[in-house]
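K.L.:
Before we start, here is the structure in question, set down as structure tokens.
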Amino acid sequence: MPPAAPSERYLATVWRRFRHHRLGTISLAVLLLLLVVSLLAPVIAPYSPAAITGKFHSGPSPEHWLGTDASSRDVFSRLLYGMQTSMLVGFLVTIITTVVGVLLGLISGYFGGLVDIIIMRITDIVMSFPYLLLVLVAAAIFSPGLWSIILILGFVNWPGLARLVRGNVLALRESSFVQGAIVAGLPRRHILFSEILPNTVAPVLIYATSVLSLSILDEAALSYLGQGVQPPMASLGNMLGGAESLTILTSRPWIWLPPGIMIIVLVVAINFVGDALRDALDPSRTEGSRS
């Protein structure tokens, strides 16, 4: 048998446990479907997201399935592109947060000493600021836009993951297999990324799902407040920003209801996937939930 067989068996076991979580499996299918639809937005959308159709505040019709907004733009087309933008922000923020948090957590926990003190003090400083206030101030300082929001959210989300990884590394550093690798003279890079990191993947993946859902919510909130993705680029948040008046809220629900429902579906589905992933990666929790 090739060396990869045990890993393959482990992945098969995790997938089997994951499938026992019915809501998680359904949510994963929904997320994959929405991801494919968002990627195919240029093909599926009947109009450009910034195209002016000539009909203002028009209700749903065969020409405009979800009506038009105050600028005469097709709501359905903007919903597809907005979902693409919001998911892009969520995934890129999650990648940045994961890479920075894991690297700093590994370095801090493994080397300790002055390196650990410096990294943890920087982490404490970032975490000492109220999260929403820090994001709003950073968004106000830098010019609002897609990449500004991605970098800002990636910067403010990594400290929690760095602390999580550091705690796991401190526990693993004294384990027999890590001490054996040190005695064998293996390079630190191998010890960090081949011995310690694989044993911290489970909590990192679970944490990443929460970052993904929170990033989508944060982007929507910032774009709604005018500090995020700027029109004419569509996002779920700035679509909601066009429904500030009482008249639109009460008499034109096709403008704000689709993006609002889409945000709820995305966030709830991601959270269910995170729950299923947590149960799949923690056998004792899975057994406890069945009993």
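Every chain in the structure tokens has a letter given in the order shown (A, B, ...), and although residue numbers restart at 1 in each chain, ligands are simply numbered from 1 in the order shown.
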Name all residues at most 6 Å from region 86-93 of chain A (count only C-alpha atoms; drop same-chain ones fewer than 5 positions away) and give them as an MDAnalysis selection string.
P.N.:
chainID A and resid 150 154 212 215:216 235
K.L.:
Could you dump the residues just selected with all heavy atoms as a PDB file, in the first residue's frame?
P.N.:
```pdb
ATOM      1  N   ILE A 150     -11.238  43.910   1.398  1.00  0.00           N
ATOM      2  CA  ILE A 150     -10.614  42.591   1.556  1.00  0.00           C
ATOM      3  C   ILE A 150      -9.403  42.680   2.478  1.00  0.00           C
ATOM      4  O   ILE A 150      -9.230  41.869   3.399  1.00  0.00           O
ATOM      5  CB  ILE A 150     -10.224  42.022   0.177  1.00  0.00           C
ATOM      6  CG1 ILE A 150     -11.472  41.658  -0.607  1.00  0.00           C
ATOM      7  CG2 ILE A 150      -9.327  40.789   0.336  1.00  0.00           C
ATOM      8  CD1 ILE A 150     -11.205  41.262  -2.048  1.00  0.00           C
ATOM      9  N   GLY A 154      -9.182  41.194   6.264  1.00  0.00           N
ATOM     10  CA  GLY A 154      -8.136  40.199   6.478  1.00  0.00           C
ATOM     11  C   GLY A 154      -7.218  40.585   7.617  1.00  0.00           C
ATOM     12  O   GLY A 154      -6.763  39.726   8.388  1.00  0.00           O
ATOM     13  N   LEU A 212     -15.414  33.077   7.194  1.00  0.00           N
ATOM     14  CA  LEU A 212     -16.073  33.216   5.900  1.00  0.00           C
ATOM     15  C   LEU A 212     -17.457  33.840   6.043  1.00  0.00           C
ATOM     16  O   LEU A 212     -17.804  34.791   5.319  1.00  0.00           O
ATOM     17  CB  LEU A 212     -16.176  31.841   5.226  1.00  0.00           C
ATOM     18  CG  LEU A 212     -16.873  31.776   3.872  1.00  0.00           C
ATOM     19  CD1 LEU A 212     -16.192  32.680   2.861  1.00  0.00           C
ATOM     20  CD2 LEU A 212     -16.914  30.337   3.368  1.00  0.00           C
ATOM     21  N   SER A 215     -17.194  37.492   7.279  1.00  0.00           N
ATOM     22  CA  SER A 215     -16.674  38.389   6.250  1.00  0.00           C
ATOM     23  C   SER A 215     -17.774  38.806   5.281  1.00  0.00           C
ATOM     24  O   SER A 215     -17.830  39.966   4.852  1.00  0.00           O
ATOM     25  CB  SER A 215     -15.536  37.707   5.483  1.00  0.00           C
ATOM     26  OG  SER A 215     -14.468  37.396   6.338  1.00  0.00           O
ATOM     27  N   ILE A 216     -18.650  37.874   4.932  1.00  0.00           N
ATOM     28  CA  ILE A 216     -19.771  38.206   4.054  1.00  0.00           C
ATOM     29  C   ILE A 216     -20.701  39.201   4.744  1.00  0.00           C
ATOM     30  O   ILE A 216     -21.167  40.176   4.139  1.00  0.00           O
ATOM     31  CB  ILE A 216     -20.524  36.925   3.646  1.00  0.00           C
ATOM     32  CG1 ILE A 216     -19.629  36.069   2.737  1.00  0.00           C
ATOM     33  CG2 ILE A 216     -21.830  37.257   2.942  1.00  0.00           C
ATOM     34  CD1 ILE A 216     -20.223  34.727   2.375  1.00  0.00           C
ATOM     35  N   SER A 235     -22.788  44.507  -5.096  1.00  0.00           N
ATOM     36  CA  SER A 235     -22.563  43.588  -3.983  1.00  0.00           C
ATOM     37  C   SER A 235     -23.877  43.486  -3.224  1.00  0.00           C
ATOM     38  O   SER A 235     -24.745  44.358  -3.357  1.00  0.00           O
ATOM     39  CB  SER A 235     -21.441  44.075  -3.069  1.00  0.00           C
ATOM     40  OG  SER A 235     -21.902  45.042  -2.164  1.00  0.00           O
TER      41      SER A 235
END
```
K.L.:
If we count only C-alpha atoms and set the cut-off at 7 Å, which residues sit around region 94-111 of chain A, ignoring sequence neighbours fewer than 5 positions away in its own chain? Please answer as a count of residues only.
P.N.:
19
K.L.:
For the atom pair CA of Gly226 (chain A) and CA of Leu132 (chain A), what is the interatomic distance in Å to one decimal place?
P.N.:
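Spanning CA of Gly226 (chain A) to CA of Leu132 (chain A) is a straight-line distance of 14.6 Å.
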K.L.:
What does the distance between CA of Leu114 (chain A) and CA of Leu205 (chain A) come to in Å, to one decimal place?
P.N.:
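These two atoms are separated by 28.5 Å.
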K.L.:
Tell me which of A:Leu33, A:Leu40, A:Met127, A:Leu186 sits closest to Gln84 (chain A), counting only C-alpha atoms.
P.N.:
A:Leu40
K.L.:
When you count only C-alpha atoms, which of these residues is closest to Leu34 (chain A): A:Ala276, A:Val178, A:Leu80, A:Leu225?
P.N.:
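That would be A:Leu80, the residue with the smallest distance to Leu34 (chain A).
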K.L.:
Residues within 6 Å of region 142-149 of chain A, please, as a list in words. Count only C-alpha atoms; anything in the same chain fewer than 6 positions from it doesn't count.
P.N.:
Gln227, Gly228, Val229 and Gln230 of chain A
K.L.:
Which residues of region 12-83 of chain A come within 10 Å of region 251-263 of chain A, and what is each one's closest atom pair and distance in Å (one decimal), counting only C-alpha atoms, sorted by chain and residue number, as CSV?
P.N.:
```
residue,atom,partner,partner_atom,distance
A:Leu34,CA,A:Met262,CA,9.6
A:His57,CA,A:Arg252,CA,7.5
A:Ser58,CA,A:Arg252,CA,8.8
A:Gly59,CA,A:Trp254,CA,7.1
A:Pro60,CA,A:Trp254,CA,7.4
A:Trp65,CA,A:Trp254,CA,9.5
A:Leu66,CA,A:Trp254,CA,5.9
A:Gly67,CA,A:Trp254,CA,6.4
A:Thr68,CA,A:Ile255,CA,7.2
A:Asp69,CA,A:Ile255,CA,6.0
A:Ala70,CA,A:Ile255,CA,8.6
A:Asp74,CA,A:Ile255,CA,9.7
A:Val75,CA,A:Ile255,CA,6.8
A:Phe76,CA,A:Pro258,CA,8.4
A:Arg78,CA,A:Pro259,CA,9.2
A:Leu79,CA,A:Pro259,CA,6.4
A:Leu80,CA,A:Pro259,CA,9.5
A:Gly82,CA,A:Pro259,CA,8.1
A:Met83,CA,A:Met262,CA,7.7
```
K.L.:
Can you spit out the residues from that selection as a short mmCIF file (atom, residue, chain, number, x, y, z; two decimals), in the first residue's frame, using all heavy atoms?
P.N.:
```cif
data_model
loop_
_atom_site.label_atom_id
_atom_site.label_comp_id
_atom_site.auth_asym_id
_atom_site.auth_seq_id
_atom_site.Cartn_x
_atom_site.Cartn_y
_atom_site.Cartn_z
N LEU A 34 -24.61 27.82 -5.39
CA LEU A 34 -24.53 29.27 -5.45
C LEU A 34 -23.17 29.73 -5.96
O LEU A 34 -23.06 30.74 -6.67
CB LEU A 34 -24.79 29.87 -4.06
CG LEU A 34 -26.21 29.69 -3.51
CD1 LEU A 34 -26.33 30.29 -2.12
CD2 LEU A 34 -27.23 30.33 -4.45
N HIS A 57 -37.74 51.52 -10.97
CA HIS A 57 -38.60 50.92 -9.94
C HIS A 57 -39.69 50.05 -10.55
O HIS A 57 -40.82 49.99 -10.06
CB HIS A 57 -39.22 52.00 -9.06
CG HIS A 57 -38.26 52.57 -8.07
ND1 HIS A 57 -38.43 53.83 -7.51
CD2 HIS A 57 -37.13 52.08 -7.53
CE1 HIS A 57 -37.43 54.08 -6.68
NE2 HIS A 57 -36.62 53.04 -6.69
N SER A 58 -39.34 49.37 -11.62
CA SER A 58 -40.31 48.48 -12.26
C SER A 58 -40.40 47.18 -11.48
O SER A 58 -39.39 46.63 -11.02
CB SER A 58 -39.88 48.20 -13.70
OG SER A 58 -40.70 47.22 -14.29
N GLY A 59 -41.62 46.67 -11.32
CA GLY A 59 -41.82 45.43 -10.60
C GLY A 59 -41.39 44.22 -11.41
O GLY A 59 -41.04 44.33 -12.59
N PRO A 60 -41.40 43.04 -10.81
CA PRO A 60 -41.03 41.82 -11.52
C PRO A 60 -41.88 41.62 -12.77
O PRO A 60 -43.09 41.85 -12.76
CB PRO A 60 -41.28 40.71 -10.49
CG PRO A 60 -41.14 41.41 -9.17
CD PRO A 60 -41.68 42.78 -9.38
N TRP A 65 -36.94 39.70 -14.11
CA TRP A 65 -37.52 38.71 -13.20
C TRP A 65 -37.68 39.23 -11.79
O TRP A 65 -38.64 38.86 -11.10
CB TRP A 65 -36.66 37.45 -13.19
CG TRP A 65 -36.65 36.72 -14.50
CD1 TRP A 65 -37.43 36.99 -15.59
CD2 TRP A 65 -35.84 35.60 -14.85
NE1 TRP A 65 -37.15 36.11 -16.61
CE2 TRP A 65 -36.17 35.24 -16.19
CE3 TRP A 65 -34.86 34.87 -14.20
CZ2 TRP A 65 -35.57 34.19 -16.86
CZ3 TRP A 65 -34.25 33.81 -14.86
CH2 TRP A 65 -34.60 33.47 -16.17
N LEU A 66 -36.76 40.07 -11.33
CA LEU A 66 -36.85 40.63 -9.98
C LEU A 66 -37.03 42.14 -10.02
O LEU A 66 -36.76 42.82 -9.04
CB LEU A 66 -35.60 40.26 -9.17
CG LEU A 66 -35.38 38.77 -8.91
CD1 LEU A 66 -34.07 38.53 -8.15
CD2 LEU A 66 -36.55 38.17 -8.13
N GLY A 67 -37.49 42.66 -11.14
CA GLY A 67 -37.74 44.09 -11.25
C GLY A 67 -36.47 44.89 -11.48
O GLY A 67 -35.40 44.34 -11.75
N THR A 68 -36.61 46.21 -11.36
CA THR A 68 -35.47 47.12 -11.51
C THR A 68 -35.38 48.01 -10.28
O THR A 68 -36.35 48.17 -9.54
CB THR A 68 -35.62 47.99 -12.77
OG1 THR A 68 -36.82 48.78 -12.67
CG2 THR A 68 -35.68 47.14 -14.03
N ASP A 69 -34.20 48.61 -10.09
CA ASP A 69 -34.00 49.46 -8.92
C ASP A 69 -34.19 50.93 -9.27
O ASP A 69 -34.68 51.27 -10.36
CB ASP A 69 -32.61 49.22 -8.31
CG ASP A 69 -31.49 49.54 -9.29
OD1 ASP A 69 -31.75 50.14 -10.35
OD2 ASP A 69 -30.33 49.18 -9.00
N ALA A 70 -33.78 51.83 -8.35
CA ALA A 70 -33.99 53.26 -8.54
C ALA A 70 -33.18 53.82 -9.70
O ALA A 70 -33.49 54.89 -10.22
CB ALA A 70 -33.64 54.01 -7.26
N ASP A 74 -31.28 46.11 -13.68
CA ASP A 74 -31.95 44.84 -13.45
C ASP A 74 -31.51 44.23 -12.12
O ASP A 74 -30.32 43.96 -11.92
CB ASP A 74 -31.64 43.89 -14.61
CG ASP A 74 -32.38 42.57 -14.49
OD1 ASP A 74 -33.61 42.58 -14.57
OD2 ASP A 74 -31.71 41.54 -14.29
N VAL A 75 -32.45 43.98 -11.24
CA VAL A 75 -32.13 43.49 -9.90
C VAL A 75 -31.60 42.06 -9.95
O VAL A 75 -30.67 41.71 -9.22
CB VAL A 75 -33.37 43.58 -8.97
CG1 VAL A 75 -33.09 42.91 -7.62
CG2 VAL A 75 -33.78 45.03 -8.77
N PHE A 76 -32.16 41.22 -10.81
CA PHE A 76 -31.70 39.84 -10.91
C PHE A 76 -30.24 39.78 -11.36
O PHE A 76 -29.43 39.02 -10.79
CB PHE A 76 -32.58 39.06 -11.87
CG PHE A 76 -32.14 37.64 -12.10
CD1 PHE A 76 -32.22 36.70 -11.09
CD2 PHE A 76 -31.62 37.24 -13.32
CE1 PHE A 76 -31.80 35.39 -11.28
CE2 PHE A 76 -31.21 35.94 -13.54
CZ PHE A 76 -31.29 35.01 -12.51
N ARG A 78 -27.99 42.14 -11.03
CA ARG A 78 -27.15 42.67 -9.96
C ARG A 78 -27.05 41.68 -8.80
O ARG A 78 -26.03 41.63 -8.11
CB ARG A 78 -27.71 44.02 -9.47
CG ARG A 78 -27.51 45.13 -10.47
CD ARG A 78 -27.97 46.48 -9.94
NE ARG A 78 -27.19 46.92 -8.78
CZ ARG A 78 -25.97 47.43 -8.84
NH1 ARG A 78 -25.37 47.57 -10.02
NH2 ARG A 78 -25.36 47.82 -7.75
N LEU A 79 -28.09 40.90 -8.58
CA LEU A 79 -28.05 39.89 -7.52
C LEU A 79 -26.99 38.84 -7.83
O LEU A 79 -26.22 38.44 -6.95
CB LEU A 79 -29.42 39.23 -7.37
CG LEU A 79 -29.53 38.16 -6.27
CD1 LEU A 79 -29.44 38.81 -4.90
CD2 LEU A 79 -30.84 37.40 -6.39
N LEU A 80 -26.92 38.39 -9.07
CA LEU A 80 -25.92 37.38 -9.46
C LEU A 80 -24.51 37.93 -9.31
O LEU A 80 -23.63 37.28 -8.73
CB LEU A 80 -26.17 36.93 -10.90
CG LEU A 80 -27.46 36.17 -11.18
CD1 LEU A 80 -27.57 35.83 -12.66
CD2 LEU A 80 -27.54 34.90 -10.35
N GLY A 82 -23.67 40.57 -7.52
CA GLY A 82 -23.46 40.91 -6.12
C GLY A 82 -23.09 39.70 -5.29
O GLY A 82 -22.23 39.78 -4.40
N MET A 83 -23.71 38.56 -5.58
CA MET A 83 -23.36 37.32 -4.89
C MET A 83 -21.92 36.94 -5.22
O MET A 83 -21.16 36.50 -4.34
CB MET A 83 -24.33 36.22 -5.31
CG MET A 83 -24.15 34.90 -4.62
SD MET A 83 -25.53 33.79 -4.94
CE MET A 83 -25.48 33.69 -6.73
#
```
K.L.:
Record the distance separating CA of Ser176 (chain A) and CA of Gly112 (chain A), expressed in Å with one decimal.
P.N.:
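Here the two named atoms are 18.6 Å from each other.
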K.L.:
Among region 171-239 of chain A, which ones does DSSP assign to alpha helix (DSSP H) (computed from the backbone)? Answer as a PDB file with N, CA and C atoms, in the first residue's frame.
P.N.:
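Final output, states_21.pdb:
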```pdb
ATOM      1  N   ALA A 171       0.803  22.950  22.942  1.00  0.00           N
ATOM      2  CA  ALA A 171       0.479  21.604  23.425  1.00  0.00           C
ATOM      3  C   ALA A 171       1.232  20.538  22.641  1.00  0.00           C
ATOM      4  N   LEU A 172       1.386  20.746  21.333  1.00  0.00           N
ATOM      5  CA  LEU A 172       2.029  19.745  20.489  1.00  0.00           C
ATOM      6  C   LEU A 172       3.555  19.774  20.595  1.00  0.00           C
ATOM      7  N   ARG A 173       4.097  20.926  20.981  1.00  0.00           N
ATOM      8  CA  ARG A 173       5.555  21.082  21.009  1.00  0.00           C
ATOM      9  C   ARG A 173       6.219  20.088  21.956  1.00  0.00           C
ATOM     10  N   SER A 176       5.601  13.563  21.985  1.00  0.00           N
ATOM     11  CA  SER A 176       6.720  12.652  21.697  1.00  0.00           C
ATOM     12  C   SER A 176       7.151  12.717  20.236  1.00  0.00           C
ATOM     13  N   PHE A 177       6.203  12.825  19.304  1.00  0.00           N
ATOM     14  CA  PHE A 177       6.597  12.792  17.904  1.00  0.00           C
ATOM     15  C   PHE A 177       7.333  14.078  17.495  1.00  0.00           C
ATOM     16  N   VAL A 178       6.982  15.222  18.105  1.00  0.00           N
ATOM     17  CA  VAL A 178       7.702  16.459  17.810  1.00  0.00           C
ATOM     18  C   VAL A 178       9.085  16.420  18.446  1.00  0.00           C
ATOM     19  N   GLN A 179       9.161  15.958  19.699  1.00  0.00           N
ATOM     20  CA  GLN A 179      10.459  15.851  20.359  1.00  0.00           C
ATOM     21  C   GLN A 179      11.363  14.864  19.629  1.00  0.00           C
ATOM     22  N   GLY A 180      10.773  13.784  19.107  1.00  0.00           N
ATOM     23  CA  GLY A 180      11.551  12.821  18.343  1.00  0.00           C
ATOM     24  C   GLY A 180      12.100  13.439  17.058  1.00  0.00           C
ATOM     25  N   ALA A 181      11.285  14.285  16.403  1.00  0.00           N
ATOM     26  CA  ALA A 181      11.747  14.954  15.181  1.00  0.00           C
ATOM     27  C   ALA A 181      12.874  15.927  15.493  1.00  0.00           C
ATOM     28  N   ILE A 182      12.791  16.593  16.659  1.00  0.00           N
ATOM     29  CA  ILE A 182      13.854  17.526  17.054  1.00  0.00           C
ATOM     30  C   ILE A 182      15.153  16.769  17.330  1.00  0.00           C
ATOM     31  N   VAL A 183      15.041  15.664  18.085  1.00  0.00           N
ATOM     32  CA  VAL A 183      16.226  14.859  18.399  1.00  0.00           C
ATOM     33  C   VAL A 183      16.846  14.290  17.128  1.00  0.00           C
ATOM     34  N   ARG A 188      13.628  22.789  11.093  1.00  0.00           N
ATOM     35  CA  ARG A 188      12.459  23.393  11.731  1.00  0.00           C
ATOM     36  C   ARG A 188      11.282  23.511  10.762  1.00  0.00           C
ATOM     37  N   ARG A 189      11.600  23.809   9.505  1.00  0.00           N
ATOM     38  CA  ARG A 189      10.524  23.927   8.514  1.00  0.00           C
ATOM     39  C   ARG A 189       9.739  22.636   8.413  1.00  0.00           C
ATOM     40  N   HIS A 190      10.447  21.509   8.425  1.00  0.00           N
ATOM     41  CA  HIS A 190       9.768  20.210   8.357  1.00  0.00           C
ATOM     42  C   HIS A 190       8.934  19.966   9.619  1.00  0.00           C
ATOM     43  N   VAL A 201      -4.955  21.302  11.727  1.00  0.00           N
ATOM     44  CA  VAL A 201      -5.835  21.594  10.596  1.00  0.00           C
ATOM     45  C   VAL A 201      -7.295  21.649  11.019  1.00  0.00           C
ATOM     46  N   ALA A 202      -7.712  20.726  11.884  1.00  0.00           N
ATOM     47  CA  ALA A 202      -9.128  20.653  12.262  1.00  0.00           C
ATOM     48  C   ALA A 202      -9.638  21.962  12.864  1.00  0.00           C
ATOM     49  N   PRO A 203      -9.026  22.498  13.934  1.00  0.00           N
ATOM     50  CA  PRO A 203      -9.535  23.768  14.472  1.00  0.00           C
ATOM     51  C   PRO A 203      -9.398  24.934  13.499  1.00  0.00           C
ATOM     52  N   VAL A 204      -8.375  24.900  12.638  1.00  0.00           N
ATOM     53  CA  VAL A 204      -8.201  25.979  11.651  1.00  0.00           C
ATOM     54  C   VAL A 204      -9.353  25.966  10.653  1.00  0.00           C
ATOM     55  N   LEU A 205      -9.733  24.789  10.157  1.00  0.00           N
ATOM     56  CA  LEU A 205     -10.837  24.692   9.202  1.00  0.00           C
ATOM     57  C   LEU A 205     -12.144  25.170   9.816  1.00  0.00           C
ATOM     58  N   ILE A 206     -12.399  24.787  11.051  1.00  0.00           N
ATOM     59  CA  ILE A 206     -13.628  25.198  11.722  1.00  0.00           C
ATOM     60  C   ILE A 206     -13.645  26.707  11.922  1.00  0.00           C
ATOM     61  N   TYR A 207     -12.515  27.260  12.343  1.00  0.00           N
ATOM     62  CA  TYR A 207     -12.423  28.710  12.521  1.00  0.00           C
ATOM     63  C   TYR A 207     -12.607  29.431  11.184  1.00  0.00           C
ATOM     64  N   ALA A 208     -12.075  28.853  10.110  1.00  0.00           N
ATOM     65  CA  ALA A 208     -12.168  29.495   8.798  1.00  0.00           C
ATOM     66  C   ALA A 208     -13.609  29.634   8.331  1.00  0.00           C
ATOM     67  N   THR A 209     -14.466  28.668   8.662  1.00  0.00           N
ATOM     68  CA  THR A 209     -15.865  28.777   8.252  1.00  0.00           C
ATOM     69  C   THR A 209     -16.554  29.954   8.936  1.00  0.00           C
ATOM     70  N   SER A 210     -16.200  30.199  10.198  1.00  0.00           N
ATOM     71  CA  SER A 210     -16.789  31.353  10.888  1.00  0.00           C
ATOM     72  C   SER A 210     -16.275  32.661  10.301  1.00  0.00           C
ATOM     73  N   VAL A 211     -14.994  32.688   9.906  1.00  0.00           N
ATOM     74  CA  VAL A 211     -14.444  33.888   9.269  1.00  0.00           C
ATOM     75  C   VAL A 211     -15.135  34.138   7.942  1.00  0.00           C
ATOM     76  N   LEU A 212     -15.414  33.077   7.194  1.00  0.00           N
ATOM     77  CA  LEU A 212     -16.073  33.216   5.900  1.00  0.00           C
ATOM     78  C   LEU A 212     -17.457  33.840   6.043  1.00  0.00           C
ATOM     79  N   SER A 213     -18.258  33.335   6.976  1.00  0.00           N
ATOM     80  CA  SER A 213     -19.603  33.887   7.153  1.00  0.00           C
ATOM     81  C   SER A 213     -19.566  35.307   7.693  1.00  0.00           C
ATOM     82  N   LEU A 214     -18.670  35.583   8.652  1.00  0.00           N
ATOM     83  CA  LEU A 214     -18.572  36.932   9.204  1.00  0.00           C
ATOM     84  C   LEU A 214     -18.063  37.923   8.169  1.00  0.00           C
ATOM     85  N   SER A 215     -17.194  37.492   7.279  1.00  0.00           N
ATOM     86  CA  SER A 215     -16.674  38.389   6.250  1.00  0.00           C
ATOM     87  C   SER A 215     -17.774  38.806   5.281  1.00  0.00           C
ATOM     88  N   ILE A 216     -18.650  37.874   4.932  1.00  0.00           N
ATOM     89  CA  ILE A 216     -19.771  38.206   4.054  1.00  0.00           C
ATOM     90  C   ILE A 216     -20.701  39.201   4.744  1.00  0.00           C
ATOM     91  N   LEU A 217     -20.962  38.988   6.034  1.00  0.00           N
ATOM     92  CA  LEU A 217     -21.791  39.921   6.792  1.00  0.00           C
ATOM     93  C   LEU A 217     -21.121  41.290   6.915  1.00  0.00           C
ATOM     94  N   ASP A 218     -19.822  41.297   7.183  1.00  0.00           N
ATOM     95  CA  ASP A 218     -19.101  42.571   7.338  1.00  0.00           C
ATOM     96  C   ASP A 218     -19.081  43.349   6.028  1.00  0.00           C
ATOM     97  N   GLU A 219     -18.859  42.652   4.931  1.00  0.00           N
ATOM     98  CA  GLU A 219     -18.872  43.333   3.637  1.00  0.00           C
ATOM     99  C   GLU A 219     -20.237  43.942   3.363  1.00  0.00           C
ATOM    100  N   ALA A 220     -21.294  43.187   3.676  1.00  0.00           N
ATOM    101  CA  ALA A 220     -22.639  43.697   3.457  1.00  0.00           C
ATOM    102  C   ALA A 220     -22.898  44.938   4.315  1.00  0.00           C
ATOM    103  N   ALA A 221     -22.461  44.899   5.572  1.00  0.00           N
ATOM    104  CA  ALA A 221     -22.674  46.038   6.463  1.00  0.00           C
ATOM    105  C   ALA A 221     -21.902  47.266   5.995  1.00  0.00           C
ATOM    106  N   LEU A 222     -20.629  47.083   5.626  1.00  0.00           N
ATOM    107  CA  LEU A 222     -19.813  48.210   5.187  1.00  0.00           C
ATOM    108  C   LEU A 222     -20.315  48.785   3.864  1.00  0.00           C
ATOM    109  N   SER A 223     -20.708  47.926   2.944  1.00  0.00           N
ATOM    110  CA  SER A 223     -21.224  48.404   1.662  1.00  0.00           C
ATOM    111  C   SER A 223     -22.562  49.106   1.852  1.00  0.00           C
ATOM    112  N   TYR A 224     -23.370  48.620   2.772  1.00  0.00           N
ATOM    113  CA  TYR A 224     -24.643  49.290   3.070  1.00  0.00           C
ATOM    114  C   TYR A 224     -24.403  50.697   3.612  1.00  0.00           C
ATOM    115  N   LEU A 236     -24.017  42.436  -2.462  1.00  0.00           N
ATOM    116  CA  LEU A 236     -25.268  42.265  -1.716  1.00  0.00           C
ATOM    117  C   LEU A 236     -25.485  43.409  -0.745  1.00  0.00           C
ATOM    118  N   GLY A 237     -24.405  43.954  -0.206  1.00  0.00           N
ATOM    119  CA  GLY A 237     -24.527  45.050   0.744  1.00  0.00           C
ATOM    120  C   GLY A 237     -24.984  46.345   0.117  1.00  0.00           C
ATOM    121  N   ASN A 238     -24.362  46.757  -1.009  1.00  0.00           N
ATOM    122  CA  ASN A 238     -24.790  48.029  -1.592  1.00  0.00           C
ATOM    123  C   ASN A 238     -26.134  47.914  -2.295  1.00  0.00           C
ATOM    124  N   MET A 239     -26.584  46.686  -2.605  1.00  0.00           N
ATOM    125  CA  MET A 239     -27.962  46.529  -3.086  1.00  0.00           C
ATOM    126  C   MET A 239     -28.953  46.844  -1.977  1.00  0.00           C
TER     127      MET A 239
END
```
